[in-house]
$ cat input.txt   # compact mmCIF, C-alpha atoms
# COMPACT_ATOMS: atom_id res chain seq x y z
CA MET T 1 129.68 -36.49 38.14
CA ASN T 2 127.38 -33.61 37.52
CA VAL T 3 129.40 -30.42 37.04
CA ILE T 4 126.27 -28.41 36.23
CA LEU T 5 125.16 -28.63 39.86
CA LEU T 6 128.44 -27.02 40.89
CA VAL T 7 128.25 -24.29 38.24
CA VAL T 8 124.70 -23.16 39.11
CA PRO T 9 125.74 -21.67 42.51
CA LEU T 10 128.50 -19.73 40.75
CA LEU T 11 126.05 -18.18 38.27
CA LEU T 12 123.04 -17.55 40.51
CA PRO T 13 124.60 -14.60 42.41
CA PHE T 14 124.54 -12.68 39.10
CA ALA T 15 120.74 -12.69 39.41
CA ALA T 16 120.97 -11.10 42.87
CA PRO T 17 122.00 -7.44 42.17
CA PRO T 18 118.71 -6.27 40.60
CA LEU T 19 116.80 -8.02 43.39
CA VAL T 20 118.86 -6.75 46.34
CA ARG T 21 118.59 -3.15 45.14
CA ARG T 22 114.82 -3.40 45.38
CA ALA T 23 114.56 -5.39 48.61
CA LEU T 24 113.74 -2.31 50.70
CA GLU T 25 110.73 -1.46 48.55
CA GLY T 26 107.65 -2.61 50.37
CA ALA T 27 109.37 -4.84 52.90
CA ARG T 28 109.95 -3.48 56.40
CA PRO T 29 113.62 -2.55 56.93
CA VAL T 30 114.19 -5.23 59.56
CA VAL T 31 112.63 -7.90 57.32
CA ALA T 32 114.74 -6.69 54.39
CA LEU T 33 117.87 -6.70 56.56
CA TRP T 34 117.35 -10.30 57.65
CA THR T 35 116.36 -11.53 54.18
CA LEU T 36 119.28 -9.84 52.46
CA THR T 37 121.81 -11.07 55.00
CA VAL T 38 120.62 -14.68 55.14
CA CYS T 39 120.34 -14.88 51.33
CA ALA T 40 123.79 -13.31 50.82
CA LEU T 41 125.31 -15.79 53.27
CA VAL T 42 123.61 -18.79 51.63
CA LEU T 43 124.64 -17.65 48.12
CA ALA T 44 128.21 -17.06 49.34
CA GLY T 45 128.39 -20.40 51.14
CA ALA T 46 127.09 -22.25 48.08
CA CYS T 47 129.76 -20.53 45.95
CA VAL T 48 132.58 -21.53 48.27
CA ALA T 49 131.32 -25.13 48.50
CA SER T 50 131.10 -25.41 44.69
CA LEU T 51 134.53 -23.88 44.15
CA GLY T 52 135.96 -26.27 46.75
CA ALA T 53 134.44 -29.30 45.02
CA LEU T 54 135.72 -28.14 41.61
CA LEU T 55 139.17 -27.59 43.07
CA LEU T 56 139.26 -31.09 44.60
CA THR T 57 138.09 -32.66 41.33
CA GLY T 58 141.10 -31.12 39.61
CA LEU T 59 143.52 -32.08 42.37
CA LEU T 60 142.38 -35.71 42.36
CA ARG T 61 143.46 -36.04 38.71
CA VAL T 62 147.05 -35.79 39.93
CA PRO T 63 148.09 -39.44 40.46
CA ALA T 64 150.04 -38.76 43.67
CA LEU T 65 147.10 -36.92 45.24
CA ALA T 66 144.68 -39.59 44.03
CA ALA T 67 146.83 -42.18 45.80
CA LEU T 68 146.86 -40.02 48.91
CA GLY T 69 143.07 -39.88 48.73
CA GLU T 70 143.09 -43.72 48.51
CA LEU T 71 141.37 -43.68 45.12
CA VAL T 72 141.58 -47.14 43.55
CA HIS T 73 139.59 -46.23 40.44
CA PRO T 74 139.93 -43.05 38.41
CA LEU T 75 137.40 -40.41 39.49
CA ASN T 76 134.37 -40.37 37.23
CA ALA T 77 134.65 -36.73 36.13
CA PRO T 78 134.33 -34.88 32.84
CA SER T 79 137.36 -34.81 30.60
CA GLY T 80 140.47 -32.93 31.58
CA LEU T 81 139.64 -30.25 29.03
CA VAL T 82 136.81 -29.15 31.30
CA VAL T 83 138.03 -30.11 34.75
CA VAL T 84 141.58 -28.76 34.68
CA PRO T 85 140.74 -25.17 33.65
CA ALA T 86 137.74 -25.20 35.98
CA ALA T 87 139.91 -26.36 38.88
CA ALA T 88 142.56 -23.76 38.06
CA LEU T 89 139.93 -20.98 37.99
CA ALA T 90 138.41 -22.24 41.22
CA THR T 91 141.83 -22.21 42.88
CA GLY T 92 142.44 -18.66 41.72
CA ALA T 93 139.02 -17.45 42.86
CA LEU T 94 139.30 -19.11 46.26
CA THR T 95 142.82 -17.80 46.86
CA LEU T 96 141.94 -14.27 45.82
CA GLY T 97 138.80 -14.25 47.96
CA ALA T 98 140.63 -15.66 50.99
CA VAL T 99 143.50 -13.18 50.73
CA THR T 100 141.28 -10.09 50.42
CA LEU T 101 138.99 -11.36 53.16
CA VAL T 102 141.82 -12.00 55.63
CA ARG T 103 143.39 -8.66 54.86
CA SER T 104 140.13 -6.78 55.33
CA ALA T 105 139.32 -8.72 58.52
CA LEU T 106 142.75 -8.03 60.06
CA ARG T 107 142.61 -4.33 59.23
CA GLN T 108 139.10 -3.89 60.53
CA SER T 109 139.54 -5.87 63.72
CA ARG T 110 142.67 -3.88 64.51
CA ALA T 111 140.92 -0.53 64.02
CA PHE T 112 138.00 -1.82 66.04
CA ARG T 113 140.19 -2.99 68.94
CA VAL T 114 141.95 0.39 69.07
CA ALA T 115 138.61 2.23 69.14
CA ARG T 116 137.31 -0.09 71.85
CA ARG T 117 140.39 0.23 74.03
CA GLN T 118 140.34 4.02 73.87
CA ALA T 119 136.61 4.18 74.56
CA ASP T 120 136.97 1.89 77.58
CA ARG T 121 139.70 4.07 79.03
CA ARG T 122 137.51 7.13 78.85
CA PRO T 123 135.04 8.04 81.59
CA ALA T 124 131.60 7.76 80.12
CA ALA T 125 128.67 10.09 80.18
CA GLY T 126 126.16 7.32 79.83
CA ASP T 127 127.10 5.51 76.63
CA LEU T 128 128.34 8.65 74.88
CA CYS T 129 131.95 9.12 73.83
CA VAL T 130 132.62 12.60 72.43
CA VAL T 131 135.53 13.26 70.10
CA ASP T 132 136.72 16.83 69.65
CA SER T 133 136.88 17.11 65.87
CA PRO T 134 135.91 19.69 63.23
CA HIS T 135 134.39 16.92 61.04
CA PRO T 136 130.78 15.97 61.73
CA ASP T 137 130.75 12.23 62.28
CA ALA T 138 128.98 9.68 64.45
CA TYR T 139 129.03 5.93 64.71
CA ALA T 140 127.99 3.04 66.90
CA LEU T 141 130.78 1.17 68.66
CA PRO T 142 129.47 -2.27 69.64
CA GLY T 143 130.97 -4.27 72.49
CA ARG T 144 130.70 -4.37 76.27
CA PRO T 145 129.36 -1.89 77.07
CA HIS T 146 127.99 -0.50 73.81
CA ARG T 147 129.14 3.01 73.06
CA ILE T 148 128.17 5.74 70.64
CA VAL T 149 130.98 7.92 69.34
CA VAL T 150 130.05 11.43 68.20
CA THR T 151 132.27 14.34 67.20
CA THR T 152 131.79 17.85 68.60
CA ALA T 153 131.15 19.16 65.08
CA MET T 154 128.24 16.73 64.74
CA LEU T 155 126.78 17.78 68.12
CA ARG T 156 127.03 21.44 67.11
CA SER T 157 125.34 20.97 63.75
CA LEU T 158 122.19 19.49 65.30
CA GLY T 159 119.48 20.86 67.59
CA PRO T 160 118.78 19.17 70.97
CA ARG T 161 115.90 17.03 69.71
CA GLU T 162 117.80 16.12 66.56
CA ARG T 163 120.66 14.97 68.77
CA ASP T 164 118.20 12.70 70.55
CA ALA T 165 117.26 11.22 67.17
CA LEU T 166 120.95 10.69 66.36
CA PHE T 167 121.60 8.97 69.70
CA ALA T 168 118.49 6.81 69.27
CA HIS T 169 119.71 5.85 65.79
CA GLU T 170 123.14 4.76 67.06
CA ARG T 171 121.62 2.94 70.05
CA ALA T 172 119.36 1.05 67.64
CA HIS T 173 122.45 -0.14 65.73
CA ASN T 174 123.96 -1.45 68.96
CA ALA T 175 120.73 -2.94 70.29
CA GLY T 176 119.98 -4.63 66.96
CA GLY T 177 123.48 -6.12 66.70
CA HIS T 178 123.80 -4.55 63.25
CA HIS T 179 127.57 -5.02 63.24
CA TYR T 180 127.00 -8.76 62.82
CA PHE T 181 124.95 -8.08 59.68
CA LEU T 182 127.62 -5.73 58.33
CA ALA T 183 130.33 -8.32 58.99
CA ALA T 184 128.25 -11.00 57.22
CA ALA T 185 127.79 -8.62 54.28
CA GLU T 186 131.55 -8.08 54.13
CA LEU T 187 132.17 -11.84 54.20
CA ALA T 188 129.68 -12.48 51.38
CA ALA T 189 131.10 -9.67 49.23
CA HIS T 190 134.52 -11.34 49.33
CA CYS T 191 133.10 -14.69 48.20
CA HIS T 192 131.58 -13.55 44.90
CA PRO T 193 131.92 -10.19 43.09
CA ALA T 194 128.21 -10.17 42.23
CA LEU T 195 127.43 -10.09 45.96
CA ARG T 196 129.03 -6.65 46.41
CA PRO T 197 125.73 -4.85 45.65
CA ALA T 198 124.24 -7.05 48.39
CA ARG T 199 126.76 -5.59 50.83
CA GLU T 200 125.61 -2.07 49.95
CA ALA T 201 121.97 -3.12 50.24
CA ILE T 202 122.58 -4.67 53.67
CA ARG T 203 124.29 -1.48 54.88
CA LEU T 204 121.34 0.60 53.66
CA ALA T 205 118.83 -1.79 55.26
CA ALA T 206 120.68 -1.54 58.59
CA GLU T 207 120.58 2.26 58.40
CA ARG T 208 116.89 2.22 57.50
CA ALA T 209 116.12 -0.12 60.41
CA ALA T 210 118.00 2.21 62.79
CA ASP T 211 116.23 5.25 61.29
CA GLU T 212 112.80 3.73 61.91
CA ALA T 213 113.80 2.78 65.46
CA ALA T 214 115.01 6.34 66.06
CA ALA T 215 111.78 7.78 64.64
CA ARG T 216 109.82 5.56 67.04
CA ALA T 217 112.03 6.54 69.99
CA VAL T 218 111.66 10.30 69.45
CA GLY T 219 108.10 9.89 68.17
CA ASP T 220 108.71 12.03 65.08
CA ARG T 221 109.64 10.80 61.60
CA ARG T 222 110.07 14.31 60.20
CA LEU T 223 112.45 15.30 62.97
CA THR T 224 114.53 12.20 62.33
CA ALA T 225 114.60 12.90 58.58
CA HIS T 226 115.74 16.46 59.20
CA ALA T 227 118.45 15.32 61.63
CA ILE T 228 119.88 12.94 59.02
CA ALA T 229 119.70 15.51 56.24
CA ARG T 230 121.27 18.22 58.36
CA ALA T 231 124.08 15.96 59.56
CA ALA T 232 124.82 14.83 56.01
CA LEU T 233 124.84 18.37 54.61
CA ALA T 234 127.08 19.59 57.46
CA GLY T 235 129.53 16.78 56.76
CA HIS T 236 129.39 17.51 53.06
CA ALA T 237 130.24 21.18 53.55
CA ALA T 238 133.12 20.33 55.88
CA SER T 239 134.68 17.65 53.69
CA SER T 240 137.23 18.62 51.10
CA PRO T 241 135.92 18.44 47.54
CA ARG T 242 136.09 14.87 46.35
CA PRO T 243 136.75 13.85 42.77
CA ASP T 244 133.49 13.06 41.07
CA PHE T 245 134.75 9.86 39.52
CA ALA T 246 131.40 8.17 40.00
CA ALA T 247 128.73 9.37 37.62
CA ALA T 248 125.56 10.16 39.48
CA ALA T 249 123.54 7.30 38.11
CA THR T 250 121.55 6.63 41.25
CA THR T 251 120.76 8.53 44.41
CA GLY T 252 122.99 7.76 47.34
CA PRO T 253 121.82 6.12 50.57
CA VAL T 254 121.30 9.33 52.57
CA PRO T 255 118.62 10.91 50.31
CA GLN T 256 116.89 7.52 50.11
CA ARG T 257 116.72 7.34 53.90
CA VAL T 258 115.45 10.92 54.22
CA ALA T 259 112.84 10.36 51.52
CA ALA T 260 111.66 7.16 53.21
CA LEU T 261 111.19 8.95 56.54
CA LEU T 262 109.33 11.85 54.93
CA THR T 263 106.79 9.51 53.35
CA PRO T 264 104.12 8.30 55.74
CA PRO T 265 104.69 4.66 56.65
CA GLY T 266 102.57 2.29 54.61
CA ARG T 267 100.69 -0.45 56.35
CA PRO T 268 103.08 -3.39 56.58
CA SER T 269 101.53 -5.99 54.32
CA ARG T 270 101.07 -9.47 55.70
CA VAL T 271 102.02 -11.00 52.38
CA PRO T 272 105.82 -11.07 52.07
CA HIS T 273 106.99 -8.82 49.33
CA ARG T 274 107.57 -10.44 45.94
CA ILE T 275 111.23 -9.36 45.85
CA VAL T 276 111.86 -10.93 49.24
CA LEU T 277 110.33 -14.19 47.99
CA LEU T 278 112.38 -14.11 44.79
CA LEU T 279 115.57 -13.56 46.77
CA ALA T 280 114.74 -16.42 49.10
CA ALA T 281 114.00 -18.67 46.10
CA CYS T 282 117.32 -17.70 44.54
CA ALA T 283 119.21 -18.56 47.73
CA LEU T 284 117.27 -21.80 48.17
CA LEU T 285 118.00 -22.90 44.61
CA SER T 286 121.67 -22.07 44.98
CA GLY T 287 121.96 -23.85 48.31
CA THR T 288 120.16 -26.93 47.00
CA ALA T 289 122.28 -27.13 43.85
CA ALA T 290 125.50 -26.78 45.85
CA SER T 291 124.43 -29.39 48.39
CA ALA T 292 123.38 -31.82 45.65
CA GLY T 293 126.60 -31.15 43.75
CA VAL T 294 128.80 -31.68 46.79
CA LEU T 295 126.90 -34.85 47.82
CA ASP T 296 127.24 -36.15 44.25
CA PHE T 297 130.95 -35.38 44.32
CA HIS T 298 131.32 -37.16 47.64
CA HIS T 299 129.51 -40.17 46.24
CA GLU T 300 131.84 -40.27 43.19
CA ILE T 301 134.83 -40.21 45.52
CA GLU T 302 133.44 -43.14 47.50
CA ILE T 303 132.99 -45.04 44.22
CA ALA T 304 136.57 -44.22 43.21
CA GLN T 305 137.76 -45.35 46.62
CA GLY T 306 135.97 -48.65 46.00
CA GLU T 307 133.76 -48.10 49.04
CA ALA T 308 130.50 -47.68 47.16
CA PRO T 309 129.21 -49.81 44.28
CA ARG T 310 129.55 -48.20 40.90
CA MET U 1 103.66 13.99 78.60
CA THR U 2 107.25 14.61 77.42
CA GLU U 3 108.22 15.26 81.02
CA ALA U 4 106.91 11.90 82.12
CA LYS U 5 108.67 10.25 79.18
CA ASP U 6 111.98 11.96 79.87
CA GLU U 7 111.98 11.24 83.59
CA ARG U 8 111.60 7.57 82.71
CA ARG U 9 114.60 7.49 80.38
CA PRO U 10 117.58 5.43 81.60
CA ALA U 11 120.18 7.44 83.54
CA GLY U 12 122.81 6.75 80.88
CA GLU U 13 120.69 8.33 78.16
CA LEU U 14 120.08 11.43 80.25
CA GLU U 15 123.79 11.76 81.00
CA ALA U 16 124.55 11.51 77.27
CA ALA U 17 121.94 14.15 76.44
CA VAL U 18 123.32 16.57 79.05
CA MET U 19 126.89 15.94 77.94
CA ALA U 20 125.89 16.65 74.32
CA VAL U 21 124.46 20.04 75.35
CA LEU U 22 127.71 20.95 77.13
CA TRP U 23 129.83 19.92 74.14
CA ALA U 24 127.61 21.76 71.67
CA ALA U 25 127.97 25.01 73.65
CA ASP U 26 131.01 27.25 73.39
CA LEU U 27 130.74 28.57 76.96
CA PRO U 28 130.32 26.91 80.36
CA LEU U 29 126.61 26.44 81.11
CA THR U 30 124.66 26.55 84.35
CA ALA U 31 122.10 23.89 85.21
CA ALA U 32 119.31 26.31 84.24
CA GLN U 33 120.88 26.91 80.80
CA VAL U 34 121.34 23.18 80.24
CA GLN U 35 117.71 22.58 81.19
CA LEU U 36 116.59 25.26 78.74
CA ASP U 37 118.79 23.92 75.96
CA LEU U 38 117.69 20.33 76.49
CA ASP U 39 114.14 21.38 75.58
CA SER U 40 112.78 18.17 77.06
CA GLY U 41 110.81 19.23 80.13
CA LEU U 42 113.33 17.66 82.47
CA ALA U 43 113.15 19.04 86.05
CA ARG U 44 115.94 21.41 87.09
CA THR U 45 116.82 19.22 90.07
CA THR U 46 117.27 16.23 87.77
CA VAL U 47 119.61 18.23 85.52
CA THR U 48 121.60 19.37 88.57
CA THR U 49 121.87 15.79 89.83
CA ILE U 50 123.13 14.60 86.44
CA LEU U 51 125.67 17.43 86.24
CA THR U 52 126.94 16.65 89.74
CA ARG U 53 127.31 12.96 88.84
CA LEU U 54 129.20 13.84 85.65
CA HIS U 55 131.46 16.12 87.67
CA GLU U 56 132.18 13.34 90.16
CA LYS U 57 133.14 11.08 87.28
CA GLY U 58 135.56 13.71 86.04
CA VAL U 59 133.82 14.06 82.68
CA VAL U 60 132.89 17.70 83.26
CA GLN U 61 134.62 20.52 85.10
CA ARG U 62 132.83 23.33 86.86
CA GLU U 63 133.50 26.84 88.01
CA ARG U 64 131.58 28.96 90.46
CA GLN U 65 129.18 31.37 88.81
CA GLY U 66 126.97 33.47 91.04
CA ARG U 67 125.31 31.21 93.56
CA GLY U 68 125.78 28.04 91.53
CA PHE U 69 128.18 26.40 89.10
CA ALA U 70 128.79 26.61 85.39
CA TYR U 71 129.84 23.35 83.74
CA HIS U 72 132.00 22.56 80.71
CA PRO U 73 133.40 19.30 79.29
CA ALA U 74 136.74 18.19 80.73
CA GLN U 75 139.46 18.82 78.14
CA ASP U 76 142.46 16.79 79.21
CA ALA U 77 144.62 13.82 78.37
CA GLN U 78 141.48 11.75 77.93
CA GLY U 79 140.31 14.11 75.23
CA LEU U 80 143.59 13.50 73.48
CA THR U 81 143.18 9.72 73.51
CA ALA U 82 139.75 10.12 72.01
CA ARG U 83 141.20 12.25 69.25
CA ARG U 84 143.85 9.62 68.63
CA MET U 85 141.17 7.00 68.38
CA HIS U 86 139.38 9.06 65.80
CA THR U 87 142.52 9.38 63.67
CA GLU U 88 143.12 5.67 64.00
CA LEU U 89 139.67 4.98 62.63
CA ASP U 90 139.97 7.61 59.94
CA ARG U 91 143.01 5.90 58.53
CA ASP U 92 140.83 2.95 57.74
CA SER U 93 139.15 4.05 54.57
CA ASP U 94 136.39 1.44 54.69
CA ARG U 95 135.67 1.47 58.38
CA GLU U 96 131.99 1.84 57.75
CA THR U 97 131.93 -1.84 56.99
CA VAL U 98 131.98 -2.74 60.70
CA LEU U 99 131.11 0.60 62.25
CA ALA U 100 127.69 1.83 61.29
CA ARG U 101 128.03 5.56 60.68
CA PHE U 102 125.18 7.99 61.02
CA VAL U 103 125.58 9.46 57.54
CA ALA U 104 127.63 8.22 54.63
CA GLN U 105 129.58 10.56 52.34
CA LEU U 106 127.24 12.28 49.94
CA GLY U 107 127.51 11.51 46.24
CA PRO U 108 127.76 14.25 43.61
CA ASP U 109 124.00 14.59 43.15
CA ASP U 110 122.96 13.84 46.72
CA GLU U 111 123.23 17.37 48.06
CA ARG U 112 120.84 18.73 45.44
CA VAL U 113 118.36 15.88 46.03
CA LEU U 114 118.52 16.38 49.81
CA ARG U 115 117.87 20.10 49.58
CA GLN U 116 114.91 19.44 47.25
CA LEU U 117 113.48 16.93 49.73
CA LEU U 118 113.77 19.40 52.60
CA GLU U 119 112.27 22.24 50.58
CA ALA U 120 109.36 20.08 49.50
CA ASP U 121 108.80 19.05 53.11
CA GLU U 122 108.84 22.61 54.41
CA ALA U 123 106.45 23.83 51.73

$ encode --input "input.txt" --output "structure tokens"
Amino acid sequence: MNVILLVVPLLLPFAAPPLVRRALEGARPVVALWTLTVCALVLAGACVASLGALLLTGLLRVPALAALGELVHPLNAPSGLVVVPAAALATGALTLGAVTLVRSALRQSRAFRVARRQADRRPAAGDLCVVDSPHPDAYALPGRPHRIVVTTAMLRSLGPRERDALFAHERAHNAGGHHYFLAAAELAAHCHPALRPAREAIRLAAERAADEAAARAVGDRRLTAHAIARAALAGHAASSPRPDFAAAATTGPVPQRVAALLTPPGRPSRVPHRIVLLLAACALLSGTAASAGVLDFHHEIEIAQGEAPR
Amino acid sequence: MTEAKDERRPAGELEAAVMAVLWAADLPLTAAQVQLDLDSGLARTTVTTILTRLHEKGVVQRERQGRGFAYHPAQDAQGLTARRMHTELDRDSDRETVLARFVAQLGPDDERVLRQLLEADEA
């Protein structure tokens, strides 16, 4: 069987980080958000499929399991020197990924349910849920009905029109179903370590999409930029000093969003951006290799089971 | 123009905007003060209607002031549950993964870059 086909999807995600960091250049935020999310999911799915096939190849070398799988011939696979370590590594990677994913999913769904329950119990002023807190913070709480949660400190640090921009931003998150994209990003990041930058890029793309929607809703890009900057600076002043363990190699997401809103919007080009195409090609290649590898593996199993001619 | 736009906004959005004004203020506000603070060209009668509706829902409380009422957000057990909810979420260090927050924590260099951007824009 062809192990190379199963290794390609494990290596291709390493090509993704430089591409995902540049996906927002040129492409419209919504386009970037969709491209990044779909590509991250395909790359992650291909990884899991390949790891699964490698794991099974190793397991089927165990005589008892081979008998259980009704193999009448030995599986045509590379020598044990290759397959056994590969299967062991695949098992480790899959277990680690599954454990961290389940843990993160449980924790997040619990926090989310608590937030939802409390918001539902509260009488609503429209979709707004105000929290009396000295820390400026705001977030979208998806569900039925959608809510936006804002602290009093955040409301006080913004002017009336800036508050409109903030509400429009959060409503855009809810209307766009951005929590699905964020959940997909989380899922992908747990499947392959090289997909973690994709998670950050997806988060930024979701924020940029909401920023542009807010700017359209209030009809003022500058106002929206100022609202974001002011909210961020207010939160920064209120937060306790954090250890600067991360060297400031790149600018964080907030200045990038403000800068993007302060630049006049370029005409959206009809030609898809090169980076978007490269990402799509990367995902396509990975998906094809994994599919071919898994089909090949399936065929080898049928041969070993005596169901297909050798 | 803005007036026409604001009168067309869904009732929920208007309620949220009015509620935000009341929360942002330290003192109880009259309908006229809310209208002024909203800065959106909304008619006084509309603001009064919204305030009355919010009062009926129990979200705001009011006290007599002169010939009308002054309104302030209801601070009660419900406020406490909301605070609890906030703490619950805060405990989750990486909650921004499912909940899209308005602004992320600023990095070490971000504050300087932000201030430069704003200064350049104002210039």

$ closest_atom_pairs --input "input.txt" --of "chain T" --to "chain U" --cutoff "6 Å" --atoms "all atoms listed in the file" --output "tab-separated table"
residue	atom	partner	partner_atom	distance
T:Ala111	CA	U:Leu89	CA	5.8
T:Ala115	CA	U:Met85	CA	5.5
T:Ala125	CA	U:Glu15	CA	5.2
T:Gly126	CA	U:Gly12	CA	3.6
T:Leu128	CA	U:Ala16	CA	5.3
T:Val131	CA	U:Ala82	CA	5.6
T:Ala138	CA	U:Phe102	CA	5.4
T:Tyr139	CA	U:Arg101	CA	4.2
T:Ala140	CA	U:Ala100	CA	5.7
T:Leu155	CA	U:Ala24	CA	5.4
T:Arg156	CA	U:Ala24	CA	4.6
T:Pro160	CA	U:Leu38	CA	5.7
T:His179	CA	U:Val98	CA	5.6
T:Leu182	CA	U:Val98	CA	5.8
T:Ala232	CA	U:Val103	CA	5.6
T:Ala248	CA	U:Asp109	CA	6.0
T:Gly252	CA	U:Gly107	CA	6.0
T:Pro255	CA	U:Leu114	CA	5.5

$ write_last_selection --input "input.txt" --atoms "C-alpha atoms" --output "short mmCIF file (atom, residue, chain, number, x, y, z; two decimals), in the frame of the given file"
data_model
loop_
_atom_site.label_atom_id
_atom_site.label_comp_id
_atom_site.auth_asym_id
_atom_site.auth_seq_id
_atom_site.Cartn_x
_atom_site.Cartn_y
_atom_site.Cartn_z
CA ALA T 111 140.92 -0.53 64.02
CA ALA T 115 138.61 2.23 69.14
CA ALA T 125 128.67 10.09 80.18
CA GLY T 126 126.16 7.32 79.83
CA LEU T 128 128.34 8.65 74.88
CA VAL T 131 135.53 13.26 70.10
CA ALA T 138 128.98 9.68 64.45
CA TYR T 139 129.03 5.93 64.71
CA ALA T 140 127.99 3.04 66.90
CA LEU T 155 126.78 17.78 68.12
CA ARG T 156 127.03 21.44 67.11
CA PRO T 160 118.78 19.17 70.97
CA HIS T 179 127.57 -5.02 63.24
CA LEU T 182 127.62 -5.73 58.33
CA ALA T 232 124.82 14.83 56.01
CA ALA T 248 125.56 10.16 39.48
CA GLY T 252 122.99 7.76 47.34
CA PRO T 255 118.62 10.91 50.31
#

$ atom_distance --input "input.txt" --atom1 "atom CA of Val254 of chain T" --atom2 "atom CA of Pro29 of chain T"
14.8 Å

$ atom_distance --input "input.txt" --atom1 "atom CA of Leu54 of chain T" --atom2 "atom CA of Arg196 of chain T"
23.0 Å

$ closest_residue --input "input.txt" --among "T:Ser50, T:Thr151, T:Gln256, T:Ser291" --to "Ala87 of chain T" --atoms "all atoms listed in the file"
T:Ser50

$ residues_around --input "input.txt" --residues "Cys191 of chain T" --least-positions-apart "5" --cutoff "7 Å" --atoms "all atoms listed in the file" --output "short mmCIF file (atom, residue, chain, number, x, y, z; two decimals) with C-alpha atoms, keeping the file's coordinate frame"
data_model
loop_
_atom_site.label_atom_id
_atom_site.label_comp_id
_atom_site.auth_asym_id
_atom_site.auth_seq_id
_atom_site.Cartn_x
_atom_site.Cartn_y
_atom_site.Cartn_z
CA ALA T 44 128.21 -17.06 49.34
CA VAL T 48 132.58 -21.53 48.27
CA GLY T 97 138.80 -14.25 47.96
#

$ atom_distance --input "input.txt" --atom1 "atom CA of Thr37 of chain T" --atom2 "atom CA of Val258 of chain T"
22.9 Å

$ closest_atom_pairs --input "input.txt" --of "segment 26-130 of chain T" --to "segment 299-307 of chain T" --cutoff "9 Å" --atoms "all atoms listed in the file" --output "JSON lines"
{"residue": "T:Gly69", "atom": "CA", "partner": "T:Gln305", "partner_atom": "CA", "distance": 7.9}
{"residue": "T:Glu70", "atom": "CA", "partner": "T:Gln305", "partner_atom": "CA", "distance": 5.9}
{"residue": "T:Leu71", "atom": "CA", "partner": "T:Gln305", "partner_atom": "CA", "distance": 4.3}
{"residue": "T:Val72", "atom": "CA", "partner": "T:Gln305", "partner_atom": "CA", "distance": 5.2}
{"residue": "T:His73", "atom": "CA", "partner": "T:Ala304", "partner_atom": "CA", "distance": 4.6}
{"residue": "T:Pro74", "atom": "CA", "partner": "T:Ala304", "partner_atom": "CA", "distance": 6.0}
{"residue": "T:Leu75", "atom": "CA", "partner": "T:Ala304", "partner_atom": "CA", "distance": 5.4}
{"residue": "T:Asn76", "atom": "CA", "partner": "T:Glu300", "partner_atom": "CA", "distance": 6.5}
{"residue": "T:Ala77", "atom": "CA", "partner": "T:Glu300", "partner_atom": "CA", "distance": 8.4}

$ residues_around --input "input.txt" --residues "Pro136 of chain T" --least-positions-apart "5" --cutoff "9 Å" --atoms "all atoms listed in the file" --output "PyMOL selection string"
chain T and resi 150-157+231-232+234-236+238

$ residues_around --input "input.txt" --residues "Leu24 of chain T" --least-positions-apart "4" --cutoff "9 Å" --atoms "all atoms listed in the file" --output "list in words"
Val20, Arg28, Pro29, Val31, Ala32, Leu33, Ala201, Leu204, Ala205, Arg208, Ile275 and Val276 of chain T

$ closest_residue --input "input.txt" --among "T:His298, T:Ala292, T:Ala259, T:Leu277" --to "Glu119 of chain U" --atoms "only C-alpha atoms"
T:Ala259
